[in-house]
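Colleague: Just one file: model17.cif, with mmCIF, C-alpha atoms.
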```cif
data_start
#
loop_
_atom_site.group_PDB
_atom_site.id
_atom_site.type_symbol
_atom_site.label_atom_id
_atom_site.label_comp_id
_atom_site.auth_asym_id
_atom_site.auth_seq_id
_atom_site.Cartn_x
_atom_site.Cartn_y
_atom_site.Cartn_z
ATOM 1 C CA VAL A 29 51.724 35.583 117.875
ATOM 2 C CA LYS A 30 51.344 35.421 121.632
ATOM 3 C CA VAL A 31 54.508 36.335 123.517
ATOM 4 C CA GLU A 32 54.280 33.165 125.617
ATOM 5 C CA TYR A 33 54.782 31.229 122.380
ATOM 6 C CA ILE A 34 57.854 33.254 121.481
ATOM 7 C CA ASN A 35 59.859 32.602 124.642
ATOM 8 C CA PRO A 36 60.564 28.939 123.752
ATOM 9 C CA PHE A 37 62.148 30.125 120.505
ATOM 10 C CA VAL A 38 64.257 32.725 122.298
ATOM 11 C CA THR A 39 65.500 30.308 124.952
ATOM 12 C CA SER A 40 66.147 27.649 122.302
ATOM 13 C CA ALA A 41 68.240 30.059 120.222
ATOM 14 C CA VAL A 42 70.267 31.064 123.276
ATOM 15 C CA SER A 43 70.709 27.447 124.292
ATOM 16 C CA VAL A 44 71.655 26.167 120.799
ATOM 17 C CA PHE A 45 74.236 28.935 120.340
ATOM 18 C CA SER A 46 75.656 28.296 123.782
ATOM 19 C CA THR A 47 75.710 24.494 123.603
ATOM 20 C CA MET A 48 76.641 23.965 119.973
ATOM 21 C CA LEU A 49 78.807 26.993 119.303
ATOM 22 C CA GLY A 50 80.045 28.178 122.689
ATOM 23 C CA CYS A 51 78.592 31.575 121.820
ATOM 24 C CA ARG A 52 76.646 33.796 124.173
ATOM 25 C CA LEU A 53 73.704 35.604 122.593
ATOM 26 C CA GLU A 54 72.465 38.918 123.966
ATOM 27 C CA ARG A 55 68.838 39.562 123.228
ATOM 28 C CA GLY A 56 67.512 42.884 121.997
ATOM 29 C CA LYS A 57 63.969 44.135 122.150
ATOM 30 C CA LEU A 58 61.103 42.148 120.602
ATOM 31 C CA GLY A 59 59.281 43.838 117.762
ATOM 32 C CA LEU A 60 56.649 43.225 115.161
ATOM 33 C CA HIS A 61 58.175 42.255 111.843
ATOM 34 C CA ARG A 62 55.985 44.416 109.633
ATOM 35 C CA ASP A 63 58.426 47.149 108.833
ATOM 36 C CA ALA A 64 60.187 45.140 106.151
ATOM 37 C CA GLN A 65 63.738 46.018 107.041
ATOM 38 C CA PRO A 66 66.179 43.848 105.107
ATOM 39 C CA ASP A 67 67.212 40.644 106.775
ATOM 40 C CA TYR A 68 70.895 39.863 107.176
ATOM 41 C CA GLU A 69 72.906 38.311 104.385
ATOM 42 C CA ILE A 70 72.032 34.681 105.085
ATOM 43 C CA SER A 71 68.774 33.383 106.537
ATOM 44 C CA GLY A 72 67.706 29.875 107.408
ATOM 45 C CA THR A 73 63.976 29.188 107.378
ATOM 46 C CA ILE A 74 61.988 26.182 108.482
ATOM 47 C CA GLY A 75 58.291 25.438 108.699
ATOM 48 C CA LEU A 76 56.369 24.027 111.632
ATOM 49 C CA SER A 77 53.027 22.298 111.448
ATOM 50 C CA GLY A 78 50.672 20.500 113.768
ATOM 51 C CA LYS A 79 47.967 22.060 115.957
ATOM 52 C CA ALA A 80 49.681 25.334 115.120
ATOM 53 C CA VAL A 81 51.482 26.321 111.932
ATOM 54 C CA GLY A 82 54.540 28.473 111.862
ATOM 55 C CA THR A 83 57.738 29.551 110.231
ATOM 56 C CA VAL A 84 61.038 30.285 111.928
ATOM 57 C CA VAL A 85 63.709 32.433 110.301
ATOM 58 C CA LEU A 86 67.258 32.686 111.655
ATOM 59 C CA SER A 87 68.980 35.553 109.867
ATOM 60 C CA LEU A 88 72.717 36.145 110.338
ATOM 61 C CA ASP A 89 75.140 38.738 109.154
ATOM 62 C CA LYS A 90 78.048 37.302 107.212
ATOM 63 C CA PRO A 91 80.682 37.491 109.999
ATOM 64 C CA THR A 92 78.333 35.713 112.399
ATOM 65 C CA ALA A 93 77.471 33.020 109.839
ATOM 66 C CA LEU A 94 81.159 32.368 109.103
ATOM 67 C CA SER A 95 82.124 32.264 112.784
ATOM 68 C CA ALA A 96 79.192 29.984 113.618
ATOM 69 C CA THR A 97 80.246 27.623 110.838
ATOM 70 C CA LYS A 98 83.798 27.522 112.159
ATOM 71 C CA ALA A 99 82.533 26.792 115.676
ATOM 72 C CA MET A 100 80.302 24.037 114.327
ATOM 73 C CA LEU A 101 82.565 22.380 111.760
ATOM 74 C CA GLY A 102 85.989 23.302 113.077
ATOM 75 C CA GLU A 103 87.156 24.888 109.849
ATOM 76 C CA ARG A 104 87.055 28.472 108.701
ATOM 77 C CA HIS A 105 85.355 29.411 105.426
ATOM 78 C CA GLU A 106 85.737 32.928 104.062
ATOM 79 C CA ALA A 107 82.734 32.914 101.739
ATOM 80 C CA ILE A 108 79.151 31.724 102.009
ATOM 81 C CA ASN A 109 79.503 28.243 100.524
ATOM 82 C CA ASP A 110 77.725 24.900 100.942
ATOM 83 C CA ASN A 111 79.321 24.329 104.348
ATOM 84 C CA VAL A 112 78.020 27.640 105.644
ATOM 85 C CA ILE A 113 74.598 27.001 104.119
ATOM 86 C CA ASP A 114 74.459 23.565 105.752
ATOM 87 C CA ALA A 115 75.525 25.000 109.107
ATOM 88 C CA VAL A 116 72.873 27.729 108.994
ATOM 89 C CA GLY A 117 70.203 25.216 107.935
ATOM 90 C CA GLU A 118 71.210 22.946 110.789
ATOM 91 C CA LEU A 119 71.188 25.747 113.385
ATOM 92 C CA THR A 120 67.727 26.800 112.210
ATOM 93 C CA ASN A 121 66.533 23.206 112.414
ATOM 94 C CA MET A 122 67.960 22.787 115.918
ATOM 95 C CA ILE A 123 66.359 25.977 117.225
ATOM 96 C CA ALA A 124 62.953 25.097 115.738
ATOM 97 C CA GLY A 125 63.264 21.510 116.956
ATOM 98 C CA ALA A 126 64.090 22.562 120.505
ATOM 99 C CA ALA A 127 61.319 25.174 120.565
ATOM 100 C CA LYS A 128 58.628 22.828 119.283
ATOM 101 C CA ALA A 129 59.537 20.352 122.031
ATOM 102 C CA LYS A 130 58.762 23.125 124.538
ATOM 103 C CA LEU A 131 55.410 23.825 122.834
ATOM 104 C CA GLU A 132 54.196 20.250 123.058
ATOM 105 C CA GLN A 133 50.554 21.339 123.262
ATOM 106 C CA PHE A 134 50.764 22.075 119.521
ATOM 107 C CA ASP A 135 52.265 18.684 118.629
ATOM 108 C CA MET A 136 54.246 20.258 115.789
ATOM 109 C CA SER A 137 56.803 18.773 113.457
ATOM 110 C CA VAL A 138 59.434 20.618 111.469
ATOM 111 C CA SER A 139 59.882 20.713 107.703
ATOM 112 C CA LEU A 140 63.063 20.634 105.656
ATOM 113 C CA PRO A 141 65.031 23.852 106.197
ATOM 114 C CA SER A 142 65.999 26.113 103.340
ATOM 115 C CA VAL A 143 68.584 28.865 103.355
ATOM 116 C CA ILE A 144 68.270 32.229 101.613
ATOM 117 C CA VAL A 145 71.416 34.020 100.532
ATOM 118 C CA GLY A 146 71.551 37.551 99.193
ATOM 119 C CA ARG A 147 72.107 41.096 100.329
ATOM 120 C CA ASN A 148 68.922 43.010 101.044
ATOM 121 C CA HIS A 149 66.536 40.119 100.850
ATOM 122 C CA VAL A 150 63.444 40.638 102.982
ATOM 123 C CA ILE A 151 61.400 37.765 104.350
ATOM 124 C CA GLN A 152 57.736 38.670 104.710
ATOM 125 C CA PHE A 153 54.776 36.877 106.164
ATOM 126 C CA PRO A 154 51.126 36.875 105.126
ATOM 127 C CA SER A 155 49.637 40.120 106.449
ATOM 128 C CA ARG A 156 47.153 38.333 108.671
ATOM 129 C CA TYR A 157 49.984 36.524 110.477
ATOM 130 C CA PRO A 158 52.412 39.238 111.547
ATOM 131 C CA PRO A 159 55.465 37.575 113.077
ATOM 132 C CA ILE A 160 57.620 38.664 115.992
ATOM 133 C CA ARG A 161 61.212 39.679 115.403
ATOM 134 C CA ILE A 162 63.820 39.115 118.108
ATOM 135 C CA PRO A 163 67.167 40.811 117.488
ATOM 136 C CA PHE A 164 70.307 39.356 119.032
ATOM 137 C CA HIS A 165 73.926 40.239 119.028
ATOM 138 C CA CYS A 166 77.028 38.343 120.033
ATOM 139 C CA ASP A 167 80.786 38.806 119.862
ATOM 140 C CA TRP A 168 80.687 37.756 116.190
ATOM 141 C CA GLY A 169 78.067 40.241 115.011
ATOM 142 C CA GLN A 170 74.338 40.631 114.555
ATOM 143 C CA LEU A 171 71.560 38.139 114.035
ATOM 144 C CA GLY A 172 67.819 37.953 114.317
ATOM 145 C CA LEU A 173 65.123 35.397 114.872
ATOM 146 C CA VAL A 174 61.726 35.876 113.255
ATOM 147 C CA VAL A 175 58.848 33.683 114.380
ATOM 148 C CA GLY A 176 55.371 33.473 112.901
ATOM 149 C CA LEU A 177 52.985 31.078 114.580
ATOM 150 C CA ALA A 178 49.223 30.645 114.232
ATOM 151 C CA GLU A 179 47.022 28.272 116.144
ATOM 152 C CA VAL A 180 44.928 26.060 113.919
ATOM 153 C CA SER A 181 41.249 26.146 114.836
ATOM 154 C CA PRO A 182 39.952 22.670 115.782
ATOM 155 C CA PRO A 183 37.813 21.816 112.715
ATOM 156 C CA ALA A 184 40.589 22.609 110.251
ATOM 157 C CA VAL A 185 43.627 20.403 110.084
ATOM 158 C CA ALA A 186 46.570 22.286 108.741
ATOM 159 C CA GLU A 187 45.523 25.292 106.714
ATOM 160 C CA PRO A 188 43.988 27.854 109.045
ATOM 161 C CA SER A 189 42.382 30.151 106.554
ATOM 162 C CA TYR A 190 43.929 29.387 103.222
ATOM 163 C CA GLU A 191 41.904 27.734 100.569
ATOM 164 C CA THR A 192 43.137 24.527 98.984
ATOM 165 C CA VAL A 193 42.218 23.292 95.538
ATOM 166 C CA VAL B 17 63.907 13.646 95.482
ATOM 167 C CA LYS B 18 62.242 10.909 93.446
ATOM 168 C CA VAL B 19 60.625 12.183 90.241
ATOM 169 C CA GLU B 20 57.353 10.419 91.106
ATOM 170 C CA TYR B 21 57.121 12.732 94.114
ATOM 171 C CA ILE B 22 57.663 15.808 91.948
ATOM 172 C CA ASN B 23 54.799 15.258 89.526
ATOM 173 C CA PRO B 24 52.088 16.081 92.086
ATOM 174 C CA PHE B 25 53.738 19.468 92.618
ATOM 175 C CA VAL B 26 53.943 20.131 88.877
ATOM 176 C CA THR B 27 50.329 19.186 88.232
ATOM 177 C CA SER B 28 49.200 21.175 91.274
ATOM 178 C CA ALA B 29 51.013 24.294 90.063
ATOM 179 C CA VAL B 30 49.465 23.963 86.608
ATOM 180 C CA SER B 31 46.039 23.362 88.111
ATOM 181 C CA VAL B 32 46.221 26.221 90.658
ATOM 182 C CA PHE B 33 47.342 28.706 87.999
ATOM 183 C CA SER B 34 44.631 27.529 85.631
ATOM 184 C CA THR B 35 41.786 27.381 88.160
ATOM 185 C CA MET B 36 42.611 30.378 90.325
ATOM 186 C CA LEU B 37 44.235 32.697 87.809
ATOM 187 C CA GLY B 38 43.021 31.549 84.393
ATOM 188 C CA CYS B 39 46.679 31.277 83.411
ATOM 189 C CA ARG B 40 48.204 28.451 81.408
ATOM 190 C CA LEU B 41 51.655 27.368 82.567
ATOM 191 C CA GLU B 42 54.130 25.796 80.163
ATOM 192 C CA ARG B 43 56.625 23.561 81.859
ATOM 193 C CA GLY B 44 60.339 23.613 81.090
ATOM 194 C CA LYS B 45 62.872 20.891 81.789
ATOM 195 C CA LEU B 46 63.363 19.556 85.335
ATOM 196 C CA GLY B 47 66.768 20.127 86.835
ATOM 197 C CA LEU B 48 68.699 19.749 90.037
ATOM 198 C CA HIS B 49 68.714 22.963 92.027
ATOM 199 C CA ARG B 50 72.395 22.875 92.974
ATOM 200 C CA ASP B 51 73.692 25.457 90.574
ATOM 201 C CA ALA B 52 72.600 28.367 92.725
ATOM 202 C CA GLN B 53 71.252 30.587 90.003
ATOM 203 C CA PRO B 54 69.353 33.517 91.493
ATOM 204 C CA ASP B 55 65.684 32.980 92.044
ATOM 205 C CA TYR B 56 63.199 35.467 90.635
ATOM 206 C CA GLU B 57 62.353 38.681 92.461
ATOM 207 C CA ILE B 58 59.675 37.281 94.741
ATOM 208 C CA SER B 59 59.526 33.757 96.154
ATOM 209 C CA GLY B 60 56.951 32.087 98.346
ATOM 210 C CA THR B 61 58.157 29.209 100.504
ATOM 211 C CA ILE B 62 56.272 26.759 102.646
ATOM 212 C CA GLY B 63 57.304 23.745 104.673
ATOM 213 C CA LEU B 64 55.777 20.285 104.644
ATOM 214 C CA SER B 65 56.083 17.724 107.402
ATOM 215 C CA GLY B 66 54.735 14.296 108.177
ATOM 216 C CA LYS B 67 56.171 10.947 107.062
ATOM 217 C CA ALA B 68 58.252 13.041 104.700
ATOM 218 C CA VAL B 69 59.633 16.538 105.204
ATOM 219 C CA GLY B 70 59.906 19.085 102.473
ATOM 220 C CA THR B 71 60.016 22.652 101.344
ATOM 221 C CA VAL B 72 58.280 24.136 98.326
ATOM 222 C CA VAL B 73 59.427 27.391 96.730
ATOM 223 C CA LEU B 74 57.378 29.250 94.135
ATOM 224 C CA SER B 75 59.574 31.947 92.611
ATOM 225 C CA LEU B 76 58.091 34.538 90.240
ATOM 226 C CA ASP B 77 59.490 37.349 88.201
ATOM 227 C CA LYS B 78 57.930 40.700 89.012
ATOM 228 C CA PRO B 79 55.598 40.931 85.967
ATOM 229 C CA THR B 80 54.236 37.455 86.687
ATOM 230 C CA ALA B 81 53.743 38.239 90.387
ATOM 231 C CA LEU B 82 51.883 41.474 89.590
ATOM 232 C CA SER B 83 49.676 39.828 86.947
ATOM 233 C CA ALA B 84 48.918 36.878 89.219
ATOM 234 C CA THR B 85 47.896 39.286 91.983
ATOM 235 C CA LYS B 86 45.584 41.126 89.615
ATOM 236 C CA ALA B 87 43.999 37.854 88.485
ATOM 237 C CA MET B 88 43.551 36.811 92.102
ATOM 238 C CA LEU B 89 42.406 40.054 93.717
ATOM 239 C CA GLY B 90 40.932 41.889 90.757
ATOM 240 C CA GLU B 91 43.057 44.985 91.201
ATOM 241 C CA ARG B 92 46.352 45.926 89.655
ATOM 242 C CA HIS B 93 49.360 46.803 91.854
ATOM 243 C CA GLU B 94 52.477 48.229 90.269
ATOM 244 C CA ALA B 95 54.905 47.445 93.075
ATOM 245 C CA ILE B 96 55.528 44.455 95.294
ATOM 246 C CA ASN B 97 53.392 45.400 98.290
ATOM 247 C CA ASP B 98 51.469 43.506 100.978
ATOM 248 C CA ASN B 99 48.751 42.488 98.511
ATOM 249 C CA VAL B 100 51.288 40.926 96.182
ATOM 250 C CA ILE B 101 53.066 39.250 99.101
ATOM 251 C CA ASP B 102 49.780 37.818 100.348
ATOM 252 C CA ALA B 103 48.856 36.593 96.868
ATOM 253 C CA VAL B 104 52.210 34.847 96.397
ATOM 254 C CA GLY B 105 51.994 33.303 99.875
ATOM 255 C CA GLU B 106 48.516 32.054 99.110
ATOM 256 C CA LEU B 107 49.473 30.588 95.719
ATOM 257 C CA THR B 108 52.402 28.790 97.344
ATOM 258 C CA ASN B 109 50.116 27.464 100.064
ATOM 259 C CA MET B 110 47.552 26.265 97.524
ATOM 260 C CA ILE B 111 50.128 24.456 95.393
ATOM 261 C CA ALA B 112 51.704 22.755 98.418
ATOM 262 C CA GLY B 113 48.262 21.923 99.829
ATOM 263 C CA ALA B 114 47.071 20.347 96.581
ATOM 264 C CA ALA B 115 50.320 18.412 96.140
ATOM 265 C CA LYS B 116 50.346 16.996 99.664
ATOM 266 C CA ALA B 117 46.788 15.730 99.134
ATOM 267 C CA LYS B 118 48.121 13.728 96.162
ATOM 268 C CA LEU B 119 50.958 12.340 98.300
ATOM 269 C CA GLU B 120 48.697 11.015 101.011
ATOM 270 C CA GLN B 121 51.102 8.163 101.847
ATOM 271 C CA PHE B 122 53.273 10.790 103.584
ATOM 272 C CA ASP B 123 50.419 12.255 105.620
ATOM 273 C CA MET B 124 51.997 15.710 105.467
ATOM 274 C CA SER B 125 50.746 19.042 106.685
ATOM 275 C CA VAL B 126 51.843 22.460 105.532
ATOM 276 C CA SER B 127 53.429 25.237 107.604
ATOM 277 C CA LEU B 128 52.826 28.970 107.478
ATOM 278 C CA PRO B 129 54.132 30.368 104.177
ATOM 279 C CA SER B 130 56.718 33.109 104.059
ATOM 280 C CA VAL B 131 57.610 35.288 101.101
ATOM 281 C CA ILE B 132 61.102 36.435 100.171
ATOM 282 C CA VAL B 133 61.513 39.676 98.256
ATOM 283 C CA GLY B 134 64.762 40.916 96.771
ATOM 284 C CA ARG B 135 66.673 40.878 93.531
ATOM 285 C CA ASN B 136 69.281 38.149 93.323
ATOM 286 C CA HIS B 137 68.256 36.225 96.363
ATOM 287 C CA VAL B 138 69.116 32.536 96.118
ATOM 288 C CA ILE B 139 67.250 29.871 98.052
ATOM 289 C CA GLN B 140 69.463 26.923 98.899
ATOM 290 C CA PHE B 141 68.798 23.575 100.495
ATOM 291 C CA PRO B 142 70.950 21.463 102.791
ATOM 292 C CA SER B 143 73.516 19.712 100.565
ATOM 293 C CA ARG B 144 72.256 16.275 101.493
ATOM 294 C CA TYR B 145 68.762 17.123 100.240
ATOM 295 C CA PRO B 146 69.228 18.507 96.735
ATOM 296 C CA PRO B 147 65.861 19.727 95.471
ATOM 297 C CA ILE B 148 64.385 19.575 91.988
ATOM 298 C CA ARG B 149 63.776 22.777 90.070
ATOM 299 C CA ILE B 150 60.921 22.986 87.575
ATOM 300 C CA PRO B 151 60.969 26.082 85.352
ATOM 301 C CA PHE B 152 57.711 27.364 83.912
ATOM 302 C CA HIS B 153 56.710 30.208 81.690
ATOM 303 C CA CYS B 154 53.378 31.765 80.882
ATOM 304 C CA ASP B 155 52.069 34.777 78.989
ATOM 305 C CA TRP B 156 52.970 36.969 81.950
ATOM 306 C CA GLY B 157 56.621 35.938 82.308
ATOM 307 C CA GLN B 158 58.849 33.414 84.030
ATOM 308 C CA LEU B 159 58.458 31.429 87.204
ATOM 309 C CA GLY B 160 59.919 28.376 88.848
ATOM 310 C CA LEU B 161 58.953 25.765 91.383
ATOM 311 C CA VAL B 162 61.611 24.241 93.611
ATOM 312 C CA VAL B 163 60.755 21.167 95.633
ATOM 313 C CA GLY B 164 62.865 19.439 98.254
ATOM 314 C CA LEU B 165 61.374 16.345 99.848
ATOM 315 C CA ALA B 166 62.927 13.674 102.024
ATOM 316 C CA GLU B 167 61.249 10.590 103.394
ATOM 317 C CA VAL B 168 61.519 10.275 107.123
ATOM 318 C CA SER B 169 62.866 6.898 108.184
ATOM 319 C CA PRO B 170 60.370 5.016 110.412
ATOM 320 C CA PRO B 171 62.060 5.303 113.828
ATOM 321 C CA ALA B 172 62.480 9.064 113.578
ATOM 322 C CA VAL B 173 59.455 11.300 113.639
ATOM 323 C CA ALA B 174 60.212 14.560 111.977
ATOM 324 C CA GLU B 175 63.920 15.266 111.813
ATOM 325 C CA PRO B 176 65.490 12.808 109.375
ATOM 326 C CA SER B 177 69.111 13.284 110.229
ATOM 327 C CA TYR B 178 69.374 16.549 112.061
ATOM 328 C CA GLU B 179 70.273 16.560 115.688
ATOM 329 C CA THR B 180 67.981 18.257 118.147
ATOM 330 C CA VAL B 181 69.046 19.666 121.471
#
```
Rewrite the coordinates I just gave you, this time as structure tokens.
Modeller:
Amino acid sequence: VKVEYINPFVTSAVSVFSTMLGCRLERGKLGLHRDAQPDYEISGTIGLSGKAVGTVVLSLDKPTALSATKAMLGERHEAINDNVIDAVGELTNMIAGAAKAKLEQFDMSVSLPSVIVGRNHVIQFPSRYPPIRIPFHCDWGQLGLVVGLAEVSPPAVAEPSYETV
Amino acid sequence: VKVEYINPFVTSAVSVFSTMLGCRLERGKLGLHRDAQPDYEISGTIGLSGKAVGTVVLSLDKPTALSATKAMLGERHEAINDNVIDAVGELTNMIAGAAKAKLEQFDMSVSLPSVIVGRNHVIQFPSRYPPIRIPFHCDWGQLGLVVGLAEVSPPAVAEPSYETV
């Protein structure tokens, strides 16, 4: 993934957290996401497709997910329930939606988000598409954004190098 | 999700496993995926977008994932490593790719797959888009396909009811 394609995701995450949640994100150092460290306890993922294909993961520790849900819905939940899952899915969708608008050259659209819950889950990418991991922290706790993005070569339409049957 | 939209995913899974892996899948009973049972140890996910948006999850128990990798790559791996992750990502991509071709009215394209590893991870969907879960078994073990799909209403383009910033 080229770094110039990552910045729209970073600025969108900062802007969504600020606008929607009143929460200021501090960015850590970008890294390659090949070292398979566990993600946080709850992760939203969403696909992107168009002239590039991608996946965006927003992974939150539990305190951050619960505080974000309260900021979004106005009520506090103490466990990861459907409200928290919906809030994380919606945040992921908003970040991917805002970022794709900034990458209009790829004319991408977003898929339905899904949300992974579980301690020590690890979200991996195909080895030929190593993603970039951007760690963040805020007053609530820790979170991370993982972005994999691959340009689709002109003759192909949506599957860069995968075979279809 | 309408059942008529699920059948292309079921037949594509059966066909991909048969063609690519020489493995016969037996289908179990369709169910709603709201009961949050843990998925199997390794799950491939991929997004779909177009005139409908969706997410496809292919979740495999470890024996099935290892046997599928051997059938695909010709070599046996005893742990979930990059080869197994790539194989599961590719199977997920092939199933979603074959299914979208059968749902041409939605003109969908697929995103980059990602692969979730971890015991007891649970993949959830936004509560307004309950997916369908299709359990399968084969000689190798157990697996499941989870499909969430939502038609995009004509005025919108890619985000059915999510807000973008």
Colleague: Would you list the contacts of B:Leu119 as a list in words, taking every protein, DNA or RNA residue within 12 Å and counting all atoms listed in the file, but skipping same-chain residues closer than 6 positions in sequence?
Modeller: Glu20, Tyr21, Ile22, Asn23, Pro24, Phe25, Ser28, Leu64, Ser65, Gly66, Lys67, Ala68, Val69, Gly70, Ala112, Gly113, Ser125, Leu165 and Glu167 of chain B
Colleague: Evaluate the PyMOL selection byres ((chain A) within 7 of (chain B)) on the structure here and hand back the selected residues as an MDAnalysis selection string.
Modeller: chainID A and resid 74:77 81:83 110 113:114 117:118 122 125:126 137:146 148:155 186 190:193
Colleague: At what distance in Å, to one decimal, does atom CA of A:Tyr68 lie from atom CA of A:Glu54?
Modeller: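 So the answer is 16.9 Å.
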Colleague: To one decimal place in Å, what is the distance between atom CA of A:Ser95 and atom CA of A:Phe45?
Modeller: 11.4 Å
Colleague: What is the atom CA of A:Leu53 to atom CA of A:Phe164 distance in Å?
Modeller: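 Atom CA of A:Phe164 lies at a distance of 6.2 Å from atom CA of A:Leu53.
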Colleague: Taking all atoms of stretch 124-134 of chain A that appear in the file, build a box with edges along x, y and z, extend it by 8 Å on every side, and state its centre and edge lengths in Å to one decimal, as AutoDock Vina command-line options.
Modeller:
```
--center_x 57.3 --center_y 22.7 --center_z 120.1 --size_x 29.5 --size_y 20.9 --size_z 24.8
```
